[in-house]
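Have a look at structure_12.csv; it's CSV, C-alpha atoms:
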chain,number,residue,atom,x,y,z
R,23,MET,CA,17.7,-10.1,-7.7
R,24,LYS,CA,17.7,-13.5,-6.2
R,25,ASN,CA,17.1,-12.2,-2.7
R,26,ALA,CA,14.3,-10.0,-3.9
R,27,ILE,CA,12.5,-13.0,-5.4
R,28,ILE,CA,13.1,-15.1,-2.3
R,29,TYR,CA,11.7,-12.3,-0.1
R,30,THR,CA,8.6,-12.0,-2.3
R,31,PHE,CA,8.1,-15.8,-2.3
R,32,VAL,CA,8.4,-15.9,1.5
R,33,PHE,CA,5.9,-13.1,1.9
R,34,LEU,CA,3.4,-14.9,-0.2
R,35,ALA,CA,4.1,-18.3,1.5
R,36,ILE,CA,3.5,-16.7,4.9
R,37,GLN,CA,0.1,-15.4,3.5
R,38,VAL,CA,-0.9,-19.0,2.5
R,39,MET,CA,0.4,-20.5,5.7
R,40,ALA,CA,-1.4,-18.0,7.9
R,41,GLY,CA,-4.6,-18.7,5.9
R,42,PHE,CA,-4.3,-22.4,6.6
R,43,ILE,CA,-3.5,-22.0,10.3
R,44,VAL,CA,-6.3,-19.5,11.0
R,45,ASP,CA,-8.8,-21.5,8.9
R,46,GLY,CA,-8.0,-24.7,10.8
R,47,ILE,CA,-8.4,-23.0,14.2
R,48,TRP,CA,-11.6,-21.3,13.0
R,49,ARG,CA,-13.1,-24.6,11.9
R,50,TRP,CA,-12.2,-26.3,15.2
R,51,ALA,CA,-13.6,-23.4,17.2
R,52,PHE,CA,-16.7,-22.3,15.2
R,53,GLY,CA,-17.4,-25.2,12.8
R,54,LYS,CA,-16.8,-23.1,9.6
R,55,GLY,CA,-13.9,-21.8,7.6
R,56,ALA,CA,-12.3,-18.4,8.5
R,57,MET,CA,-13.0,-17.1,5.0
R,58,GLU,CA,-16.7,-17.7,5.5
R,59,ASP,CA,-16.8,-15.2,8.3
R,60,ALA,CA,-16.0,-11.5,8.3
R,61,THR,CA,-14.1,-11.7,11.6
R,62,GLY,CA,-12.2,-14.7,10.3
R,63,ILE,CA,-11.1,-12.8,7.2
R,64,ILE,CA,-9.9,-9.9,9.3
R,65,VAL,CA,-8.1,-12.1,11.8
R,66,THR,CA,-6.4,-14.0,9.0
R,67,THR,CA,-5.2,-10.7,7.5
R,68,MET,CA,-3.9,-9.5,10.8
R,69,VAL,CA,-2.1,-12.8,11.6
R,70,PHE,CA,-0.5,-12.9,8.2
R,71,THR,CA,0.7,-9.3,8.6
R,72,VAL,CA,2.2,-9.8,12.1
R,73,ILE,CA,3.9,-13.0,11.1
R,74,SER,CA,5.4,-11.3,8.0
R,75,VAL,CA,6.8,-8.5,10.1
R,76,ALA,CA,8.2,-10.9,12.7
R,77,VAL,CA,9.9,-13.1,10.1
R,78,PHE,CA,11.5,-10.3,8.2
R,79,LEU,CA,12.8,-8.6,11.3
R,80,LEU,CA,14.0,-11.8,13.0
R,81,ALA,CA,15.8,-12.9,9.8
R,82,LYS,CA,17.4,-9.5,9.6
R,83,TRP,CA,16.3,-9.1,6.0
R,84,CYS,CA,15.4,-5.5,6.9
R,85,GLU,CA,16.1,-3.2,9.7
R,86,VAL,CA,14.1,-0.6,11.6
R,87,SER,CA,16.1,2.5,12.3
R,88,ARG,CA,15.3,5.9,13.8
R,89,HIS,CA,18.1,7.6,11.9
R,90,TRP,CA,15.8,9.5,9.5
R,91,ILE,CA,13.0,10.3,11.9
R,92,ARG,CA,15.6,11.8,14.3
R,93,LYS,CA,15.9,14.7,11.8
R,94,ARG,CA,12.3,15.6,12.6
R,95,PRO,CA,11.2,15.7,9.0
R,96,TRP,CA,7.6,16.7,9.8
R,97,VAL,CA,7.3,19.0,6.8
R,98,MET,CA,8.4,16.2,4.4
R,99,LEU,CA,5.9,13.8,6.0
R,100,PHE,CA,3.2,16.4,5.6
R,101,TRP,CA,3.9,16.6,1.9
R,102,CYS,CA,3.8,12.8,1.7
R,103,ALA,CA,0.3,12.9,3.1
R,104,VAL,CA,-0.7,15.7,0.7
R,105,ALA,CA,0.7,13.8,-2.3
R,106,ALA,CA,-1.3,10.7,-1.3
R,107,ILE,CA,-4.5,12.7,-1.1
R,108,GLY,CA,-3.9,14.5,-4.4
R,109,ALA,CA,-3.2,11.3,-6.3
R,110,ILE,CA,-6.4,9.5,-5.4
R,111,ILE,CA,-9.0,11.1,-7.8
R,112,PRO,CA,-6.6,11.0,-10.8
R,113,SER,CA,-5.8,7.4,-10.1
R,114,VAL,CA,-9.5,6.5,-9.9
R,115,TRP,CA,-10.2,8.5,-13.2
R,116,ILE,CA,-7.4,6.6,-15.0
R,117,GLN,CA,-8.7,3.2,-13.7
R,118,GLU,CA,-12.2,4.1,-14.9
R,119,HIS,CA,-10.9,4.8,-18.4
R,120,MET,CA,-8.7,1.6,-18.7
R,121,PRO,CA,-10.0,-1.8,-19.8
R,122,GLU,CA,-11.8,-3.4,-16.9
R,123,LEU,CA,-9.7,-6.1,-15.2
R,124,PRO,CA,-11.0,-9.0,-13.1
R,125,ASN,CA,-11.5,-8.0,-9.5
R,126,ILE,CA,-11.1,-11.4,-7.8
R,127,ALA,CA,-10.7,-9.9,-4.3
R,128,GLU,CA,-13.7,-7.6,-4.5
R,129,ASP,CA,-15.8,-9.6,-2.0
R,130,THR,CA,-13.0,-10.0,0.4
R,131,PHE,CA,-12.3,-6.2,0.4
R,132,ASP,CA,-16.0,-5.5,0.8
R,133,ILE,CA,-16.0,-7.6,4.0
R,134,ILE,CA,-12.8,-6.1,5.4
R,135,LEU,CA,-13.6,-2.4,4.6
R,136,ARG,CA,-17.1,-2.5,6.1
R,137,ASP,CA,-15.8,-3.6,9.5
R,138,ARG,CA,-14.1,-1.1,11.9
R,139,TRP,CA,-11.5,-3.8,12.7
R,140,GLY,CA,-10.8,-3.9,9.0
R,141,TYR,CA,-9.2,-0.5,9.3
R,142,VAL,CA,-6.7,-1.9,11.7
R,143,ALA,CA,-5.7,-4.5,9.1
R,144,VAL,CA,-5.8,-2.4,6.0
R,145,GLY,CA,-5.1,1.1,7.3
R,146,LEU,CA,-2.6,0.5,10.0
R,147,LEU,CA,-0.9,-2.9,9.8
R,148,ALA,CA,-0.7,-3.3,6.0
R,149,PRO,CA,1.2,0.0,5.4
R,150,PHE,CA,3.8,-0.9,7.9
R,151,ALA,CA,4.2,-4.6,6.8
R,152,GLU,CA,4.3,-3.9,3.1
R,153,GLU,CA,6.7,-1.0,3.4
R,154,LEU,CA,8.9,-3.1,5.6
R,155,VAL,CA,8.9,-6.0,3.2
R,156,PHE,CA,8.8,-4.4,-0.3
R,157,ARG,CA,10.9,-1.3,0.4
R,158,GLY,CA,12.9,-2.2,3.5
R,159,ALA,CA,13.9,-5.7,2.3
R,160,ILE,CA,13.1,-6.2,-1.4
R,161,LEU,CA,14.0,-2.8,-2.8
R,162,LYS,CA,17.0,-2.5,-0.5
R,163,SER,CA,18.4,-5.7,-1.9
R,164,LEU,CA,17.6,-4.6,-5.5
R,165,LEU,CA,19.4,-1.3,-5.0
R,166,GLN,CA,22.4,-3.2,-3.9
R,167,TRP,CA,22.2,-5.6,-6.8
R,168,CYS,CA,21.4,-3.0,-9.6
R,169,SER,CA,23.5,0.0,-10.5
R,170,LYS,CA,20.5,1.8,-12.0
R,171,PRO,CA,18.1,3.0,-9.1
R,172,TRP,CA,15.1,3.4,-11.3
R,173,ALA,CA,15.4,-0.2,-12.7
R,174,ALA,CA,15.5,-1.5,-9.1
R,175,ILE,CA,12.5,0.7,-8.2
R,176,ALA,CA,10.6,-0.5,-11.2
R,177,ILE,CA,11.3,-4.2,-10.5
R,178,SER,CA,10.2,-3.7,-6.8
R,179,ALA,CA,7.0,-2.0,-8.0
R,180,LEU,CA,6.3,-5.0,-10.3
R,181,LEU,CA,6.8,-7.4,-7.4
R,182,PHE,CA,4.6,-5.2,-5.2
R,183,ALA,CA,1.8,-5.2,-7.7
R,184,ALA,CA,2.0,-8.9,-8.5
R,185,ALA,CA,2.0,-9.8,-4.8
R,186,HIS,CA,-1.5,-8.3,-4.5
R,187,MET,CA,-2.7,-11.2,-6.7
R,188,ASN,CA,-5.6,-9.2,-8.0
R,189,PRO,CA,-5.6,-8.0,-11.6
R,190,ALA,CA,-7.8,-5.0,-10.8
R,191,GLN,CA,-5.2,-3.7,-8.4
R,192,LEU,CA,-2.2,-4.2,-10.6
R,193,PRO,CA,-2.0,-0.8,-12.4
R,194,HIS,CA,-2.6,1.3,-9.3
R,195,ALA,CA,-0.3,-0.8,-7.2
R,196,PHE,CA,2.5,-0.6,-9.8
R,197,VAL,CA,2.3,3.2,-10.0
R,198,ILE,CA,2.1,3.6,-6.2
R,199,GLY,CA,5.0,1.1,-5.9
R,200,LEU,CA,7.1,3.4,-8.1
R,201,LEU,CA,6.4,6.4,-5.9
R,202,LEU,CA,6.9,4.5,-2.7
R,203,GLY,CA,10.2,3.1,-4.1
R,204,TRP,CA,11.3,6.6,-5.0
R,205,LEU,CA,10.5,7.8,-1.4
R,206,TYR,CA,12.6,5.0,0.0
R,207,TYR,CA,15.5,5.5,-2.4
R,208,ARG,CA,15.7,9.2,-1.5
R,209,THR,CA,15.6,8.7,2.3
R,210,ASP,CA,16.8,5.2,3.0
R,211,SER,CA,13.7,5.0,5.3
R,212,ILE,CA,10.3,3.3,5.1
R,213,ILE,CA,8.6,6.0,7.1
R,214,PRO,CA,7.7,8.4,4.2
R,215,GLY,CA,6.3,5.4,2.3
R,216,MET,CA,4.4,4.3,5.5
R,217,VAL,CA,2.8,7.8,5.8
R,218,TYR,CA,1.8,7.8,2.1
R,219,HIS,CA,0.6,4.2,2.2
R,220,TRP,CA,-1.4,4.9,5.4
R,221,VAL,CA,-3.1,8.0,4.0
R,222,ASN,CA,-3.9,6.2,0.7
R,223,ASN,CA,-5.5,3.2,2.5
R,224,SER,CA,-7.3,5.3,5.1
R,225,VAL,CA,-8.9,7.4,2.4
R,226,ALA,CA,-10.0,4.2,0.6
R,227,TYR,CA,-11.5,3.0,3.9
R,228,VAL,CA,-13.4,6.2,4.5
R,229,MET,CA,-14.7,6.5,1.0
R,230,TYR,CA,-15.9,3.0,0.9
R,231,ASN,CA,-17.9,3.5,4.1
R,232,LEU,CA,-19.3,6.8,2.8
R,233,TYR,CA,-20.1,5.4,-0.7
R,234,PRO,CA,-20.3,1.6,-0.4
R,235,ASN,CA,-21.6,1.1,-3.9
R,236,ALA,CA,-18.8,-0.7,-5.8
R,237,ASP,CA,-20.1,0.5,-9.2
R,238,LEU,CA,-20.0,4.2,-8.2
R,239,LYS,CA,-18.2,6.3,-10.8
R,240,LEU,CA,-16.6,9.8,-10.5
R,241,THR,CA,-19.5,11.1,-12.7
R,242,ASP,CA,-22.0,9.8,-10.1
R,243,LEU,CA,-20.0,11.4,-7.3
R,244,PHE,CA,-19.5,14.8,-9.0
R,245,GLY,CA,-22.6,15.0,-11.2
R,246,SER,CA,-21.0,15.1,-14.7
R,247,GLU,CA,-17.9,14.3,-16.7
R,248,ARG,CA,-17.0,17.9,-16.8
R,249,MET,CA,-17.1,18.2,-13.0
R,250,SER,CA,-15.1,14.9,-12.8
R,251,LEU,CA,-12.4,16.4,-15.0
R,252,MET,CA,-12.4,19.5,-12.8
R,253,ALA,CA,-11.9,17.3,-9.8
R,254,VAL,CA,-9.0,15.6,-11.5
R,255,GLY,CA,-7.5,18.9,-12.3
R,256,PHE,CA,-7.9,20.2,-8.8
R,257,SER,CA,-6.3,17.1,-7.4
R,258,LEU,CA,-3.3,17.4,-9.7
R,259,CYS,CA,-2.9,20.9,-8.4
R,260,ILE,CA,-2.5,19.3,-5.0
R,261,PHE,CA,-0.4,16.3,-6.1
R,262,LEU,CA,2.1,17.9,-8.4
R,263,PRO,CA,3.2,20.7,-6.0
R,264,ALA,CA,3.5,18.1,-3.3
R,265,LEU,CA,5.7,16.0,-5.5
R,266,PHE,CA,7.8,19.0,-6.4
R,267,GLN,CA,8.2,19.8,-2.7
R,268,LEU,CA,9.3,16.2,-1.9
R,269,SER,CA,11.7,16.3,-4.8
R,270,LEU,CA,13.3,19.4,-3.4
R,271,ARG,CA,13.4,18.3,0.2
R,272,LEU,CA,14.1,14.5,0.0
R,273,LYS,CA,17.8,14.8,-0.9
R,274,LYS,CA,19.7,11.5,-1.4
Using structure tokens, write down the structure from this file.
Amino acid sequence: MKNAIIYTFVFLAIQVMAGFIVDGIWRWAFGKGAMEDATGIIVTTMVFTVISVAVFLLAKWCEVSRHWIRKRPWVMLFWCAVAAIGAIIPSVWIQEHMPELPNIAEDTFDIILRDRWGYVAVGLLAPFAEELVFRGAILKSLLQWCSKPWAAIAISALLFAAAHMNPAQLPHAFVIGLLLGWLYYRTDSIIPGMVYHWVNNSVAYVMYNLYPNADLKLTDLFGSERMSLMAVGFSLCIFLPALFQLSLRLKK
């Protein structure tokens, strides 16, 4: 437990440190703060992600191994991607019917998601770095500390959600953290989680650029509450079979 808290603290500290470093360089080079510029925000995100990966690998808090991918688990990775797609609409529907939480990072996400380089930060680098840190280091240490796997997975999901530091993201991040933790526990690999994470973030990026209105609801997208519920039901017909297939195939 102690190591998991330390790893989370280090991850957040790197984020703050990277922000200060890039902001200082940005002010020196361009005369304004990095967070006042779209490119500056994206560069800050990328620098923070790369430093996090480097620190955790160099400190040997996690390891990157090809032992699982050598089995050529392409079908399992396919089902990871299908599960990610199937979970999106039900997740949005649940969030719309929950009490509204403050979205303090909304403006930052708007800036990142509307830029093509923002996809590199959110769609490619973030899934790798977050799986490496939260599953490859934090959950791994929790599984060694706790005899009950689901307790370790739940704690890692809470830390994952809290690390986003945005109340509006907490419910979704926690639920996704549970699923990503389960994928890691069943495989001892961050690759299934990376695929799920990549698909989830990629769809979010594409949907934002297709429908940039932040206030857009499922009823606006599908035309009525009835059609929205049908979309939720259809998505569950994708998500639940995918989850069942993963449960069968990802043997511990």
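Shortest separation to R:Ala183 among R:Leu164, R:Tyr227, R:Thr30, R:Arg92 occurs at residue R:Thr30, atoms counted being only C-alpha atoms.
Going from atom CA of R:Ile160 to atom CA of R:Tyr141 covers 25.4 Å.
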field: Best match for closeness to R:Asn125 among R:Val77, R:Leu192, R:Val144, R:Ala173, counting all atoms listed in the file
entry: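 Closest candidate: R:Leu192.
You will find atom CA of R:Met249 at 11.9 Å from atom CA of R:Trp115.
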- request: Rank nothing, just name the residue among R:Asn25, R:Ser257, R:Ser246, R:Thr66 nearest to R:Val38, using only C-alpha atoms.
  value: R:Thr66
Counting all atoms listed in the file, which residues of stretch 222-271 of chain R sit at most 12 Å from some atom of stretch 203-209 of chain R, and what is each one's closest atom pair with its distance in Å to one decimal, listed by chain and rising residue number, as CSV?
residue,atom,partner,partner_atom,distance
R:Leu265,CA,R:Leu205,CA,10.3
R:Leu268,CA,R:Leu205,CA,8.5
R:Ser269,CA,R:Arg208,CA,8.8
R:Leu270,CA,R:Arg208,CA,10.6
R:Arg271,CA,R:Arg208,CA,9.5
Hey, can you spit out that residue selection with C-alpha atoms as an mmCIF file, in the frame of the given file?
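The resulting file, part35.cif, is reproduced below:
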data_model
loop_
_atom_site.group_PDB
_atom_site.id
_atom_site.type_symbol
_atom_site.label_atom_id
_atom_site.label_comp_id
_atom_site.auth_asym_id
_atom_site.auth_seq_id
_atom_site.Cartn_x
_atom_site.Cartn_y
_atom_site.Cartn_z
ATOM 1 C CA LEU R 265 5.700 16.000 -5.500
ATOM 2 C CA LEU R 268 9.300 16.200 -1.900
ATOM 3 C CA SER R 269 11.700 16.300 -4.800
ATOM 4 C CA LEU R 270 13.300 19.400 -3.400
ATOM 5 C CA ARG R 271 13.400 18.300 0.200
#
message: Just checking: using all atoms listed in the file, which residue out of R:Gly255, R:Gly53, R:Gly62, R:Pro263 ends up closest to R:Gly41?
response: R:Gly62
From R:Leu135, R:Met216, R:Met252, R:Ala264, residue lying nearest R:Tyr233 [all atoms listed in the file]: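 Answer, going by the shortest atom-to-atom distance: R:Leu135.
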Neighbours of R:Ser74 within 12 Å (only C-alpha atoms; same-chain residues fewer than 3 positions away dropped), as a PDB file with C-alpha atoms, keeping the file's coordinate frame?
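Written file, out22.pdb:
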ATOM      1  CA  TYR R  29      11.700 -12.300  -0.100  1.00  0.00           C
ATOM      2  CA  THR R  30       8.600 -12.000  -2.300  1.00  0.00           C
ATOM      3  CA  PHE R  31       8.100 -15.800  -2.300  1.00  0.00           C
ATOM      4  CA  VAL R  32       8.400 -15.900   1.500  1.00  0.00           C
ATOM      5  CA  PHE R  33       5.900 -13.100   1.900  1.00  0.00           C
ATOM      6  CA  LEU R  34       3.400 -14.900  -0.200  1.00  0.00           C
ATOM      7  CA  ALA R  35       4.100 -18.300   1.500  1.00  0.00           C
ATOM      8  CA  ILE R  36       3.500 -16.700   4.900  1.00  0.00           C
ATOM      9  CA  GLN R  37       0.100 -15.400   3.500  1.00  0.00           C
ATOM     10  CA  VAL R  38      -0.900 -19.000   2.500  1.00  0.00           C
ATOM     11  CA  MET R  39       0.400 -20.500   5.700  1.00  0.00           C
ATOM     12  CA  ALA R  40      -1.400 -18.000   7.900  1.00  0.00           C
ATOM     13  CA  THR R  67      -5.200 -10.700   7.500  1.00  0.00           C
ATOM     14  CA  MET R  68      -3.900  -9.500  10.800  1.00  0.00           C
ATOM     15  CA  VAL R  69      -2.100 -12.800  11.600  1.00  0.00           C
ATOM     16  CA  PHE R  70      -0.500 -12.900   8.200  1.00  0.00           C
ATOM     17  CA  THR R  71       0.700  -9.300   8.600  1.00  0.00           C
ATOM     18  CA  VAL R  77       9.900 -13.100  10.100  1.00  0.00           C
ATOM     19  CA  PHE R  78      11.500 -10.300   8.200  1.00  0.00           C
ATOM     20  CA  LEU R  79      12.800  -8.600  11.300  1.00  0.00           C
ATOM     21  CA  LEU R  80      14.000 -11.800  13.000  1.00  0.00           C
ATOM     22  CA  ALA R  81      15.800 -12.900   9.800  1.00  0.00           C
ATOM     23  CA  TRP R  83      16.300  -9.100   6.000  1.00  0.00           C
ATOM     24  CA  CYS R  84      15.400  -5.500   6.900  1.00  0.00           C
ATOM     25  CA  LEU R 147      -0.900  -2.900   9.800  1.00  0.00           C
ATOM     26  CA  ALA R 148      -0.700  -3.300   6.000  1.00  0.00           C
ATOM     27  CA  PHE R 150       3.800  -0.900   7.900  1.00  0.00           C
ATOM     28  CA  ALA R 151       4.200  -4.600   6.800  1.00  0.00           C
ATOM     29  CA  GLU R 152       4.300  -3.900   3.100  1.00  0.00           C
ATOM     30  CA  GLU R 153       6.700  -1.000   3.400  1.00  0.00           C
ATOM     31  CA  LEU R 154       8.900  -3.100   5.600  1.00  0.00           C
ATOM     32  CA  VAL R 155       8.900  -6.000   3.200  1.00  0.00           C
ATOM     33  CA  PHE R 156       8.800  -4.400  -0.300  1.00  0.00           C
ATOM     34  CA  ALA R 159      13.900  -5.700   2.300  1.00  0.00           C
TER      35      ALA R 159
END
query: Between atom CA of R:His89 and atom CA of R:Ile213, what is the distance, to one decimal in Å?
result: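 Going from atom CA of R:His89 over to atom CA of R:Ile213, I get 10.8 Å.
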Nearest candidate to R:Gly199 (options R:Ile110, R:Val225, R:Ile64, R:Leu161; using all atoms listed in the file):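 Ranking R:Ile110, R:Val225, R:Ile64, R:Leu161 by distance to R:Gly199, first place goes to R:Leu161.
Residues surrounding R:Val97 within 12 Å are Ile91, Lys93, Arg94, Pro95, Leu99, Phe100, Trp101, Cys102, Ala103, Val104, Pro214, Ala264, Gln267, Leu268, Leu270, Arg271 and Leu272 of chain R [only C-alpha atoms; sequence separation below 2 positions excluded].
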For stretch 32-44 of chain R, which lacks atoms in the input, supply N, CA and C atoms and format the output as a CSV table (one decimal), in the coordinates of the input.
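Saved result, result-v3.csv, follows:
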chain,number,residue,atom,x,y,z
R,32,VAL,N,8.7,-15.7,0.1
R,32,VAL,CA,8.4,-15.9,1.5
R,32,VAL,C,7.2,-15.1,2.0
R,33,PHE,N,7.1,-13.9,1.5
R,33,PHE,CA,5.9,-13.1,1.9
R,33,PHE,C,4.6,-13.8,1.5
R,34,LEU,N,4.6,-14.3,0.2
R,34,LEU,CA,3.4,-14.9,-0.2
R,34,LEU,C,3.2,-16.3,0.5
R,35,ALA,N,4.3,-17.0,0.8
R,35,ALA,CA,4.1,-18.3,1.5
R,35,ALA,C,3.6,-18.1,2.9
R,36,ILE,N,4.0,-17.0,3.5
R,36,ILE,CA,3.5,-16.7,4.9
R,36,ILE,C,2.0,-16.4,4.8
R,37,GLN,N,1.6,-15.7,3.7
R,37,GLN,CA,0.1,-15.4,3.5
R,37,GLN,C,-0.7,-16.7,3.4
R,38,VAL,N,-0.2,-17.7,2.6
R,38,VAL,CA,-0.9,-19.0,2.5
R,38,VAL,C,-0.8,-19.7,3.8
R,39,MET,N,0.3,-19.8,4.4
R,39,MET,CA,0.4,-20.5,5.7
R,39,MET,C,-0.5,-20.0,6.8
R,40,ALA,N,-0.5,-18.6,6.9
R,40,ALA,CA,-1.4,-18.0,7.9
R,40,ALA,C,-2.9,-18.3,7.6
R,41,GLY,N,-3.2,-18.4,6.3
R,41,GLY,CA,-4.6,-18.7,5.9
R,41,GLY,C,-4.9,-20.1,6.4
R,42,PHE,N,-4.0,-21.1,6.2
R,42,PHE,CA,-4.3,-22.4,6.6
R,42,PHE,C,-4.4,-22.6,8.1
R,43,ILE,N,-3.5,-21.9,8.8
R,43,ILE,CA,-3.5,-22.0,10.3
R,43,ILE,C,-4.8,-21.4,10.9
R,44,VAL,N,-5.1,-20.2,10.5
R,44,VAL,CA,-6.3,-19.5,11.0
R,44,VAL,C,-7.6,-20.3,10.6
